[in-house]
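Below you'll find the structure, written out as structure tokens, and then a few comments.
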Amino acid sequence: GFEDKTPFNLTSDHLLDGLLTAEFGYRSCRSRYEFAGYHKKSSHKPSPYLLAKLRKQEALQKRCGPGTAAYKKALRRLESNAAVVEDDDECRYLVNISFRGLGNRMLAVASAFLYAVLTERVLLLNGGKDDVADLFCEPFPGATWLLPRPGWFSPFRKLDDYDGDSKESLGNMLQRGAAGVSADGNMSWLSPPHPPSYVYLHLAGEYGFHDKLFYCGEHQRLLRGVPWLLMRADGYMVPGLFLTPPFVGELEAMFPEKDAAFYHLGRYLFHPSNAVWRSVTSYYSANLAGAGRLVGIQIRVFQENQPQQQILDQLLSCVRNEKLLPETTTNNGSGTSSSHGVLVASLSPWYYERLKDEYNGRLAGGVHQPSHEGRQRWRDEAHDVKALSEMYLLSMCDVLVTSGFSTFGYVAQGLGGLQPWVMSRPSPFEEWTEGQAAPEPPCQRALSVEPCFHSPSYYNCTVRRDVDLDKVTPYIRRCVDVSWGIKLV
Ligand code: GDP
């Protein structure tokens, strides 16, 4: 339409060095081309190979996505449960089942997208009860990434019910011998002797040994013939894909800088809707734009009974040790002493109030907290709008202090390309006990801007035993915040 015109000439900065296509209108999604204006110019350029893969994926989404003849055909075959004939021209799909908080969901979507690119599948999101359509713009031109409401006979009617016990899960299929090593020595479908019309991949949290075989080369070859895959993941699986033999070469070509994988994927995929972007940009210009150096502080508390004072002390000693803000004691009383500003993101208002007392009047940029929701809520759009806005506001800071273990913080650091100072946290699975000592050191610099993968498979399918993932390749290391987690560096 005539009104949907970009008000400026799109430069390679707006397009994030070619990551984004210029095919979209501007007004329908302002964040897409305005994002760059709120972030420092990137030192990480996407590789030409990554750009080629993205354009190829966009063409695939357009050719096979909802509304196309190919989609109708694939759906009909799924619903009639017709025997699958392996045919390279058929469109194949990956449906992402989202769950958990927004940070978990975004990391899972970015991982699912990369897996879709690697396996030439159309990515579709289970949009149904989720508010993804209200929070994000569509990333692919001329195609939707939302799974249309499933038909009455569709096995996708109750996607939320799929879990580790589902008989359609890869793990359970392997366990009951639906697939195995056939006479020719290769992994094949055995009973029946052709691929099923769909397979559910359970890749969340504490998933079992057989589900983890997803990360094996031979199992990936098995999945290749399955027209529809459903995937439930709750985090950043990309380091796991870098450990899956058939993907390594492609991934190394796409990401010569391994530590910028989420940085590019997140900036490519996620564009806050106009409503969210309005709240981000208006908050930014009213409160943050004046600060010379903006320090973002994300405080996520997993143990309800951990004393707030202890968490505050940890934060303040981190800030002091790393000299992130000017010392409050060296002020000579001549009013504001620095152009620093502070952005606090937390469910509680308490830390913000204490920081305001501590730095009262000394920071020209002030201390700000956009919201304090009290507690995490589910299926609440207004709540998610605030959460998403704060992730983007944190990503606009110059320096970040985050809480370990938190996927909310990972998204902010990844989008911003910021290597945060991470405050260690007892794991969300541990009880906080009275008298437990504060972590020492109070914070550590993350090894890279990449999110941490919390639930990797340690099993090496070739040698058939668990291995130390820290020693497999120089670009995969353990995370500073999650001892059993791994990340790209
Ligand atoms: P994680 O649990 O820290 O890994 O992060 P998630 O994003 O997956 O889940 C936490 C959820 O709690 C968020 O999505 C928000 O709904 C809410 N939440 C946690 N911290 C904050 C915060 O600082 N600000 C806001 N607005 N919401 C938060």
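Identifiers in the structure tokens: chain A, B, ... in order shown; residue index from 1 per chain; ligand index from 1 in order shown.
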
Note to self: For ligand 1, return the neighbouring residues as a count of residues only (distance at most 7 Å; only C-alpha atoms and all ligand atoms).
What the structure shows: 28

Margin query: Please identify the strand (DSSP E) residues within range 208-261 of chain A (assignment by DSSP from backbone atoms) and present them as a list in words.
Written below: Trp228, Leu229, Leu230, Met231, Arg232 and Ala233 of chain A

Notebook entry, point to check: Skipping near chain neighbours, those fewer than 4 positions away, what residues fall within 9 Å of Val276 in chain A using only C-alpha atoms, listed as a PyMOL selection string?
Noted result: chain A and resi 31+134-136+272+280-281+385-386+388-389

Next, write the just-selected residues to a file, as a PDB file, in the first residue's frame, keeping N, CA, C and O atoms as the atom set.
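File written: result02.pdb
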ATOM      1  N   SER A  31      10.139  -2.143  14.018  1.00  0.00           N
ATOM      2  CA  SER A  31      11.373  -2.578  14.686  1.00  0.00           C
ATOM      3  C   SER A  31      12.368  -3.196  13.712  1.00  0.00           C
ATOM      4  O   SER A  31      13.568  -3.134  13.923  1.00  0.00           O
ATOM      5  N   ASP A 134       1.210 -11.733  18.593  1.00  0.00           N
ATOM      6  CA  ASP A 134       1.069 -10.379  19.132  1.00  0.00           C
ATOM      7  C   ASP A 134       2.416  -9.765  19.489  1.00  0.00           C
ATOM      8  O   ASP A 134       2.557  -8.554  19.567  1.00  0.00           O
ATOM      9  N   LEU A 135       3.385 -10.614  19.750  1.00  0.00           N
ATOM     10  CA  LEU A 135       4.686 -10.114  20.214  1.00  0.00           C
ATOM     11  C   LEU A 135       5.668  -9.843  19.083  1.00  0.00           C
ATOM     12  O   LEU A 135       6.466  -8.920  19.156  1.00  0.00           O
ATOM     13  N   PHE A 136       5.599 -10.689  18.032  1.00  0.00           N
ATOM     14  CA  PHE A 136       6.617 -10.601  16.986  1.00  0.00           C
ATOM     15  C   PHE A 136       6.012 -10.418  15.601  1.00  0.00           C
ATOM     16  O   PHE A 136       4.929 -10.906  15.311  1.00  0.00           O
ATOM     17  N   PRO A 272      10.183  -7.230  17.354  1.00  0.00           N
ATOM     18  CA  PRO A 272       9.011  -6.947  18.172  1.00  0.00           C
ATOM     19  C   PRO A 272       7.907  -6.279  17.346  1.00  0.00           C
ATOM     20  O   PRO A 272       8.190  -5.465  16.460  1.00  0.00           O
ATOM     21  N   VAL A 280       9.105  -0.010  23.794  1.00  0.00           N
ATOM     22  CA  VAL A 280      10.571   0.013  23.913  1.00  0.00           C
ATOM     23  C   VAL A 280      11.111   1.408  23.600  1.00  0.00           C
ATOM     24  O   VAL A 280      11.848   2.004  24.388  1.00  0.00           O
ATOM     25  N   THR A 281      10.728   1.933  22.453  1.00  0.00           N
ATOM     26  CA  THR A 281      11.344   3.181  21.997  1.00  0.00           C
ATOM     27  C   THR A 281      10.868   4.382  22.809  1.00  0.00           C
ATOM     28  O   THR A 281      11.639   5.302  23.052  1.00  0.00           O
ATOM     29  N   VAL A 385       4.558  -8.602  26.954  1.00  0.00           N
ATOM     30  CA  VAL A 385       4.989  -7.376  26.271  1.00  0.00           C
ATOM     31  C   VAL A 385       6.057  -6.687  27.122  1.00  0.00           C
ATOM     32  O   VAL A 385       7.086  -6.239  26.605  1.00  0.00           O
ATOM     33  N   LYS A 386       5.823  -6.629  28.426  1.00  0.00           N
ATOM     34  CA  LYS A 386       6.812  -5.994  29.311  1.00  0.00           C
ATOM     35  C   LYS A 386       8.112  -6.772  29.301  1.00  0.00           C
ATOM     36  O   LYS A 386       9.197  -6.197  29.223  1.00  0.00           O
ATOM     37  N   LEU A 388       9.349  -8.763  26.991  1.00  0.00           N
ATOM     38  CA  LEU A 388      10.056  -8.614  25.717  1.00  0.00           C
ATOM     39  C   LEU A 388      10.672  -7.214  25.604  1.00  0.00           C
ATOM     40  O   LEU A 388      11.820  -7.059  25.176  1.00  0.00           O
ATOM     41  N   SER A 389       9.914  -6.194  26.006  1.00  0.00           N
ATOM     42  CA  SER A 389      10.436  -4.819  25.955  1.00  0.00           C
ATOM     43  C   SER A 389      11.717  -4.717  26.769  1.00  0.00           C
ATOM     44  O   SER A 389      12.693  -4.103  26.343  1.00  0.00           O
TER      45      SER A 389
END

Note to self: Excluding range 415-421 of chain A and its own-chain neighbours fewer than 5 positions away, which residues fall within 6 Å of it when counting only C-alpha atoms? Please give them as a ChimeraX atom specification.
What the structure shows: /A:263,395,400-401,443-446,448-449

Next item on the list: Extract, using only C-alpha atoms, all DNA, RNA and protein residues at most 10 Å from Ala70 in chain A, discarding same-chain residues fewer than 6 positions from it, and format them as a list in words.
Entry: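 The residues that qualify are Arg63, Cys64, Arg76, Asp89, Glu90, Cys91 and Arg92 of chain A.
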
Note to self: Excluding Asn305 in chain A and its own-chain neighbours fewer than 5 positions away, which residues fall within 10 Å of it when counting only C-alpha atoms? Please give them as a VMD selection string.
What the structure shows: chain A and resid 431 to 434

Next item on the list: Going by DSSP on the backbone, which bits of range 203-384 of chain A are alpha helix (DSSP H)? Write them as an MDAnalysis selection string, please.
Entry: chainID A and resid 209:212 217:224 238:241 245:254 261:269 274:283 308:321 350:359 381:384

Next item on the list: Excluding Thr119 in chain A and residues on its chain fewer than 3 positions from it, collect all residues at most 8 Å away from it, counting only C-alpha atoms, and give them as a PyMOL selection string.
Entry: chain A and resi 115-116+224

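Here the question is which of A:Val482, A:Met106, A:Val117, A:Asp313 gets nearest to Gln57 in chain A using only C-alpha atoms, and that residue is A:Val117.
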